[in-house]
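Pasted below: structure32.txt, compact mmCIF, C-alpha atoms and all ligand atoms.
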# COMPACT_ATOMS: atom_id res chain seq x y z
CA MET A 1 -41.08 12.60 31.47
CA LYS A 2 -37.49 13.03 30.37
CA SER A 3 -35.58 15.83 32.06
CA TYR A 4 -32.43 15.98 29.97
CA HIS A 5 -30.83 14.88 26.75
CA ILE A 6 -27.05 14.58 26.26
CA LEU A 7 -25.88 16.28 23.07
CA ASP A 8 -23.16 15.03 20.78
CA CYS A 9 -20.49 17.69 20.44
CA ASP A 10 -17.27 17.01 18.54
CA ASN A 11 -15.73 20.27 19.71
CA GLN A 12 -16.59 20.11 23.40
CA GLN A 13 -13.09 20.97 24.67
CA LYS A 14 -12.63 23.75 22.15
CA ILE A 15 -15.98 25.30 23.08
CA ALA A 16 -15.25 24.95 26.80
CA ASP A 17 -11.89 26.69 26.27
CA SER A 18 -13.58 29.48 24.33
CA LEU A 19 -16.22 29.99 27.05
CA TYR A 20 -13.57 29.86 29.77
CA GLY A 21 -11.53 32.53 27.98
CA TYR A 22 -14.58 34.73 27.76
CA TYR A 23 -15.44 34.12 31.43
CA ILE A 24 -11.92 35.20 32.45
CA GLY A 25 -12.35 38.41 30.44
CA ILE A 26 -15.76 39.42 31.78
CA THR A 27 -14.95 38.57 35.40
CA ALA A 28 -11.63 40.41 35.49
CA ASN A 29 -13.35 43.42 37.04
CA ARG A 30 -16.47 41.81 38.45
CA LYS A 31 -15.93 38.74 40.54
CA PRO A 32 -19.00 36.48 40.57
CA LYS A 33 -20.83 36.68 43.90
CA SER A 34 -23.86 34.56 43.14
CA PHE A 35 -24.63 31.19 41.60
CA TRP A 36 -26.53 32.57 38.63
CA ASN A 37 -24.85 35.26 36.50
CA THR A 38 -26.66 36.71 33.51
CA LEU A 39 -24.70 38.31 30.70
CA SER A 40 -25.77 41.62 29.21
CA ARG A 41 -26.95 41.96 25.58
CA LYS A 42 -23.60 43.52 24.74
CA GLU A 43 -21.59 40.77 26.41
CA ILE A 44 -23.59 38.12 24.51
CA GLN A 45 -23.12 39.98 21.23
CA ASP A 46 -19.42 40.48 21.86
CA TYR A 47 -18.94 36.80 22.58
CA PHE A 48 -20.67 35.61 19.43
CA LEU A 49 -18.80 38.16 17.29
CA ILE A 50 -15.45 36.55 18.15
CA PRO A 51 -14.08 35.26 14.82
CA ASN A 52 -14.27 31.48 14.30
CA ASN A 53 -16.17 31.11 17.54
CA PRO A 54 -16.60 27.33 17.95
CA CYS A 55 -19.68 27.78 20.15
CA LYS A 56 -21.41 29.89 17.49
CA LYS A 57 -20.53 27.30 14.85
CA TRP A 58 -22.05 24.55 16.98
CA PHE A 59 -25.31 26.40 17.66
CA ASP A 60 -25.52 27.36 13.98
CA SER A 61 -25.13 23.71 13.03
CA LEU A 62 -28.00 22.85 15.40
CA GLY A 63 -30.16 25.65 13.99
CA LEU A 64 -30.34 27.42 17.37
CA LYS A 65 -30.50 31.18 17.81
CA VAL A 66 -29.24 32.29 21.24
CA ARG A 67 -31.68 34.37 23.27
CA ASP A 68 -29.83 34.52 26.59
CA MET A 69 -26.50 33.43 27.96
CA SER A 70 -25.56 33.04 31.61
CA PHE A 71 -23.04 31.23 33.67
CA THR A 72 -23.43 29.39 36.94
CA PHE A 73 -20.66 29.67 39.49
CA ARG A 74 -20.56 27.23 42.39
CA THR A 75 -18.06 27.36 45.24
CA GLU A 76 -18.15 26.07 48.80
CA GLU A 77 -19.87 29.30 49.84
CA ILE A 78 -21.98 30.03 46.74
CA THR A 79 -24.66 27.35 46.48
CA VAL A 80 -28.04 26.80 44.88
CA GLY A 81 -31.19 25.11 46.18
CA ILE A 82 -34.05 23.30 44.48
CA HIS A 83 -35.84 25.68 42.10
CA LYS A 84 -37.60 26.15 38.78
CA ASP A 85 -36.15 28.64 36.31
CA ASP A 86 -38.19 31.67 35.28
CA PRO A 87 -40.63 31.31 32.38
CA PRO A 88 -41.08 31.49 29.41
CA VAL A 89 -38.18 29.19 28.56
CA ILE A 90 -38.67 25.50 29.28
CA ALA A 91 -35.50 24.02 27.81
CA LYS A 92 -31.93 25.25 28.07
CA ILE A 93 -28.54 23.99 27.03
CA ASN A 94 -25.95 23.70 29.77
CA PHE A 95 -22.33 23.55 28.75
CA PRO A 96 -19.69 22.28 31.22
CA VAL A 97 -16.60 24.47 31.41
CA LEU A 98 -14.66 23.87 34.63
CA ASN A 99 -14.76 21.34 37.49
CA THR A 100 -18.06 19.74 36.58
CA GLU A 101 -16.87 16.19 37.27
CA ASP A 102 -18.73 14.59 40.20
CA THR A 103 -21.40 17.31 40.06
CA TYR A 104 -24.95 16.49 39.01
CA ASN A 105 -28.10 18.07 37.72
CA VAL A 106 -30.95 16.47 39.66
CA TRP A 107 -34.68 16.82 38.95
CA PHE A 108 -37.64 16.34 41.27
CA ASP A 109 -41.38 15.94 40.97
CA ASP A 110 -43.64 18.41 42.78
CA SER A 111 -43.56 16.21 45.89
CA GLY A 112 -39.78 16.44 46.04
CA ASN A 113 -39.04 12.89 44.84
CA GLU A 114 -35.98 12.58 42.63
CA ILE A 115 -36.94 11.72 39.05
CA ASP A 116 -33.68 12.13 37.11
CA ARG A 117 -29.99 12.91 37.46
CA VAL A 118 -27.05 13.39 35.14
CA GLU A 119 -23.38 14.12 35.76
CA CYS A 120 -22.53 17.54 34.29
CA THR A 121 -19.66 16.41 32.08
CA ARG A 122 -21.36 16.68 28.67
CA PRO A 123 -23.49 19.39 27.08
CA VAL A 124 -27.16 18.70 27.75
CA VAL A 125 -30.55 20.04 26.85
CA LEU A 126 -32.34 20.25 30.16
CA ARG A 127 -35.85 20.92 31.32
CA SER A 128 -35.61 24.07 33.39
CA ASN A 129 -39.31 24.50 34.20
CA ILE A 130 -39.49 21.56 36.59
CA LEU A 131 -37.86 21.42 40.02
CA HIS A 132 -34.10 20.93 39.79
CA THR A 133 -30.82 21.61 41.55
CA VAL A 134 -27.08 20.98 41.36
CA GLU A 135 -25.66 18.32 43.65
CA ILE A 136 -21.98 18.14 44.50
CA GLY A 137 -20.14 14.85 45.02
CA LYS A 138 -17.32 14.42 47.51
CA ASN A 139 -14.62 14.50 44.80
CA ALA A 140 -15.83 17.70 43.16
CA GLN A 141 -13.47 20.67 42.80
CA TYR A 142 -14.19 24.39 43.04
CA PRO A 143 -14.98 26.73 41.48
CA ARG A 144 -17.46 24.86 39.28
CA LEU A 145 -18.39 26.69 36.13
CA GLN A 146 -21.05 25.98 33.54
CA PHE A 147 -22.52 28.17 30.86
CA SER A 148 -26.25 28.09 30.25
CA PHE A 149 -28.00 29.14 27.05
CA CYS A 150 -31.59 29.63 26.06
CA PHE A 151 -32.90 30.16 22.57
CA TYR A 152 -35.62 31.83 20.57
CA ASN A 153 -36.45 28.41 19.20
CA GLU A 154 -36.69 25.96 22.11
CA PRO A 155 -34.40 22.97 21.52
CA LEU A 156 -37.19 20.53 22.42
CA LEU A 157 -37.48 18.70 19.14
CA LEU A 158 -33.72 18.34 19.02
CA SER A 159 -33.78 16.63 22.38
CA LYS A 160 -37.09 14.76 22.02
CA LEU A 161 -37.93 16.07 25.48
CA ASP A 162 -41.41 16.91 24.25
CA THR A 163 -42.24 13.39 23.18
CA GLN A 164 -41.26 11.39 26.27
FE FE A 201 -31.98 26.31 37.23
Now, as a test, write the supplied structure out as structure tokens.
Amino acid sequence: MKSYHILDCDNQQKIADSLYGYYIGITANRKPKSFWNTLSRKEIQDYFLIPNNPCKKWFDSLGLKVRDMSFTFRTEEITVGIHKDDPPVIAKINFPVLNTEDTYNVWFDDSGNEIDRVECTRPVVLRSNILHTVEIGKNAQYPRLQFSFCFYNEPLLLSKLDTQ
């Protein structure tokens, strides 16, 4: 079973800059204290209403309608263990924003054996309903920031995750 699929994205830096700008805005008065940080309906709406939003353009081009938007925030103190994400979503798109070099998404079977890993430097569709975690290499920098999106229409066909 495939656990991830790297997506082509011509505007990766532009989208990362846009997400970083938004992150700076929403965290000005609420410093992230946990790994997983869910955005409110209003915050998601506000982000996608930004004119010429390159992230919106990209999802539109992929035919994806955003259902939820979160960011993950990893520091030396704020960590994450092996877990499965909550149902009903089984595929998400993770978008690297800051300090994702030498950090890895790693997947495991139910016995805890590693089955897949990918460095978090490109946008990926990932299986979130099987055991996974984030591993940090010795050259990684903090804070590490990724945005995570899920959709009304699961991006499974796009990634062929359902056929392998
Ligand atoms: Fe997760």
Check your understanding: What gap, in Å, lies between atom CA of A:Glu43 and atom CA of A:Ser128?
Key ->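 Interatomic distance here is 22.9 Å.
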How close does stretch 76-140 of chain A get to stretch 44-56 of chain A? List, as JSON lines, each residue of stretch 76-140 of chain A within 12 Å, its nearest atom pair and the distance in Å to one decimal, counting only C-alpha atoms.
{"residue": "A:Ile93", "atom": "CA", "partner": "A:Cys55", "partner_atom": "CA", "distance": 11.8}
{"residue": "A:Phe95", "atom": "CA", "partner": "A:Cys55", "partner_atom": "CA", "distance": 9.9}
{"residue": "A:Pro123", "atom": "CA", "partner": "A:Cys55", "partner_atom": "CA", "distance": 11.5}
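Distance annotation: of A:Phe149, A:Tyr142, A:Trp58, A:Tyr20, the residue with the minimal separation from ligand FE 201 (chain A) is A:Phe149; atom set is only C-alpha atoms and all ligand atoms.
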Just want the residues within 7 Å of ligand FE 201 (chain A), written as an mmCIF file with C-alpha atoms, in the coordinates of the input, counting all atoms listed in the file.
data_model
loop_
_atom_site.group_PDB
_atom_site.id
_atom_site.type_symbol
_atom_site.label_atom_id
_atom_site.label_comp_id
_atom_site.auth_asym_id
_atom_site.auth_seq_id
_atom_site.Cartn_x
_atom_site.Cartn_y
_atom_site.Cartn_z
ATOM 1 C CA HIS A 83 -35.840 25.680 42.100
ATOM 2 C CA LYS A 84 -37.600 26.150 38.780
ATOM 3 C CA ASP A 85 -36.150 28.640 36.310
ATOM 4 C CA SER A 128 -35.610 24.070 33.390
ATOM 5 C CA HIS A 132 -34.100 20.930 39.790
ATOM 6 C CA THR A 133 -30.820 21.610 41.550
#
**Study point:** Interatomic distance, atom CA of A:Tyr152 to atom CA of A:Val66 (Å, one decimal)
**Key:**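 The value is 6.4 Å.
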Point to revise | Exercise: A:Gly81 partners within 12 Å, only C-alpha atoms, chain neighbours under 6 positions left out, as a ChimeraX atom specification | key: /A:35-36,74,105-108,131-136
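Of the residues listed (A:Lys138, A:Asp8, A:Ile26, A:Lys2), A:Ile26 shows the shortest atom-to-atom separation from A:Ser70; distances use all atoms listed in the file.
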Exercise for review: Give me, please, the distance in Å between atom CA of A:Asn37 and atom CA of A:Leu98, quoted to one decimal.
Suggested key: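 Rounded to one decimal, the two atoms are 15.4 Å apart.
If only C-alpha atoms are the atoms counted, then among A:Leu64, A:His5, A:Glu154, A:Ser34 the closest residue to A:Val80 is A:Ser34.
Checking A:Cys120, A:Ile115, A:Ala16, A:Ile78 one by one against A:Ala140, counting all atoms listed in the file, you find the shortest gap at A:Cys120.
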Exercise for review: List the neighbours of A:Lys65 out to 8 Å using only C-alpha atoms; skip same-chain residues closer than 3 positions along the sequence, and give me the result as a ChimeraX atom specification.
Suggested key: /A:59-60,151-153
Point to revise | Residue among A:Glu114, A:Glu119, A:Asp109, A:Glu76 lying closest to A:Asn94, counting all atoms listed in the file | key: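 Ranked by minimum distance to A:Asn94, first place goes to A:Glu119.
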Centre, x/y/z edge lengths, axis-aligned box for stretch 39-46 of chain A with 6 Å per side, as JSON:
{"center_x": -23.2, "center_y": 40.8, "center_z": 26.0, "size_x": 19.5, "size_y": 17.4, "size_z": 21.5}
Practice item. Give me the residues within 12 Å of A:Ile24 as a list in words, counting only C-alpha atoms and dropping any in the same chain fewer than 6 places off. Key: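 What passes the distance filter is Asp17, Ser18, Arg30, Lys31, Pro32, Phe71, Val97, Leu98 and Leu145 of chain A.
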Atoms are missing here; could stretch 29-52 of chain A be completed with N, CA and C atoms and written as a JSON list (two decimals), keeping the file's coordinate frame?
[["chain", "number", "residue", "atom", "x", "y", "z"],
["A", 29, "ASN", "N", -13.01, 42.30, 36.17],
["A", 29, "ASN", "CA", -13.35, 43.42, 37.04],
["A", 29, "ASN", "C", -14.66, 43.23, 37.78],
["A", 30, "ARG", "N", -15.22, 42.05, 37.70],
["A", 30, "ARG", "CA", -16.47, 41.81, 38.45],
["A", 30, "ARG", "C", -16.49, 40.34, 38.86],
["A", 31, "LYS", "N", -16.00, 40.11, 40.04],
["A", 31, "LYS", "CA", -15.93, 38.74, 40.54],
["A", 31, "LYS", "C", -17.35, 38.22, 40.78],
["A", 32, "PRO", "N", -17.64, 37.01, 40.34],
["A", 32, "PRO", "CA", -19.00, 36.48, 40.57],
["A", 32, "PRO", "C", -19.28, 36.30, 42.07],
["A", 33, "LYS", "N", -20.47, 36.78, 42.48],
["A", 33, "LYS", "CA", -20.83, 36.68, 43.90],
["A", 33, "LYS", "C", -22.06, 35.82, 44.11],
["A", 34, "SER", "N", -22.68, 35.40, 42.99],
["A", 34, "SER", "CA", -23.86, 34.56, 43.14],
["A", 34, "SER", "C", -23.77, 33.37, 42.19],
["A", 35, "PHE", "N", -24.65, 32.41, 42.40],
["A", 35, "PHE", "CA", -24.63, 31.19, 41.60],
["A", 35, "PHE", "C", -24.96, 31.51, 40.14],
["A", 36, "TRP", "N", -26.03, 32.30, 39.97],
["A", 36, "TRP", "CA", -26.53, 32.57, 38.63],
["A", 36, "TRP", "C", -26.05, 33.93, 38.16],
["A", 37, "ASN", "N", -25.42, 34.01, 37.00],
["A", 37, "ASN", "CA", -24.85, 35.26, 36.50],
["A", 37, "ASN", "C", -25.27, 35.47, 35.05],
["A", 38, "THR", "N", -26.14, 36.45, 34.85],
["A", 38, "THR", "CA", -26.66, 36.71, 33.51],
["A", 38, "THR", "C", -25.74, 37.67, 32.77],
["A", 39, "LEU", "N", -25.50, 37.41, 31.50],
["A", 39, "LEU", "CA", -24.70, 38.31, 30.70],
["A", 39, "LEU", "C", -25.59, 39.37, 30.06],
["A", 40, "SER", "N", -25.02, 40.54, 29.85],
["A", 40, "SER", "CA", -25.77, 41.62, 29.21],
["A", 40, "SER", "C", -25.87, 41.33, 27.70],
["A", 41, "ARG", "N", -26.82, 42.06, 27.05],
["A", 41, "ARG", "CA", -26.95, 41.96, 25.58],
["A", 41, "ARG", "C", -25.59, 42.15, 24.91],
["A", 42, "LYS", "N", -24.88, 43.19, 25.37],
["A", 42, "LYS", "CA", -23.60, 43.52, 24.74],
["A", 42, "LYS", "C", -22.58, 42.40, 24.95],
["A", 43, "GLU", "N", -22.55, 41.86, 26.15],
["A", 43, "GLU", "CA", -21.59, 40.77, 26.41],
["A", 43, "GLU", "C", -21.90, 39.56, 25.53],
["A", 44, "ILE", "N", -23.20, 39.27, 25.35],
["A", 44, "ILE", "CA", -23.59, 38.12, 24.51],
["A", 44, "ILE", "C", -23.17, 38.39, 23.06],
["A", 45, "GLN", "N", -23.50, 39.61, 22.60],
["A", 45, "GLN", "CA", -23.12, 39.98, 21.23],
["A", 45, "GLN", "C", -21.62, 39.90, 21.03],
["A", 46, "ASP", "N", -20.88, 40.47, 21.97],
["A", 46, "ASP", "CA", -19.42, 40.48, 21.86],
["A", 46, "ASP", "C", -18.87, 39.06, 21.77],
["A", 47, "TYR", "N", -19.44, 38.18, 22.60],
["A", 47, "TYR", "CA", -18.94, 36.80, 22.58],
["A", 47, "TYR", "C", -19.16, 36.15, 21.22],
["A", 48, "PHE", "N", -20.37, 36.31, 20.68],
["A", 48, "PHE", "CA", -20.67, 35.61, 19.43],
["A", 48, "PHE", "C", -20.07, 36.29, 18.20],
["A", 49, "LEU", "N", -19.50, 37.50, 18.40],
["A", 49, "LEU", "CA", -18.80, 38.16, 17.29],
["A", 49, "LEU", "C", -17.33, 37.76, 17.22],
["A", 50, "ILE", "N", -16.85, 37.00, 18.19],
["A", 50, "ILE", "CA", -15.45, 36.55, 18.15],
["A", 50, "ILE", "C", -15.27, 35.69, 16.90],
["A", 51, "PRO", "N", -14.26, 36.00, 16.07],
["A", 51, "PRO", "CA", -14.08, 35.26, 14.82],
["A", 51, "PRO", "C", -13.85, 33.76, 15.07],
["A", 52, "ASN", "N", -14.40, 32.94, 14.21],
["A", 52, "ASN", "CA", -14.27, 31.48, 14.30],
["A", 52, "ASN", "C", -14.71, 30.92, 15.64]]
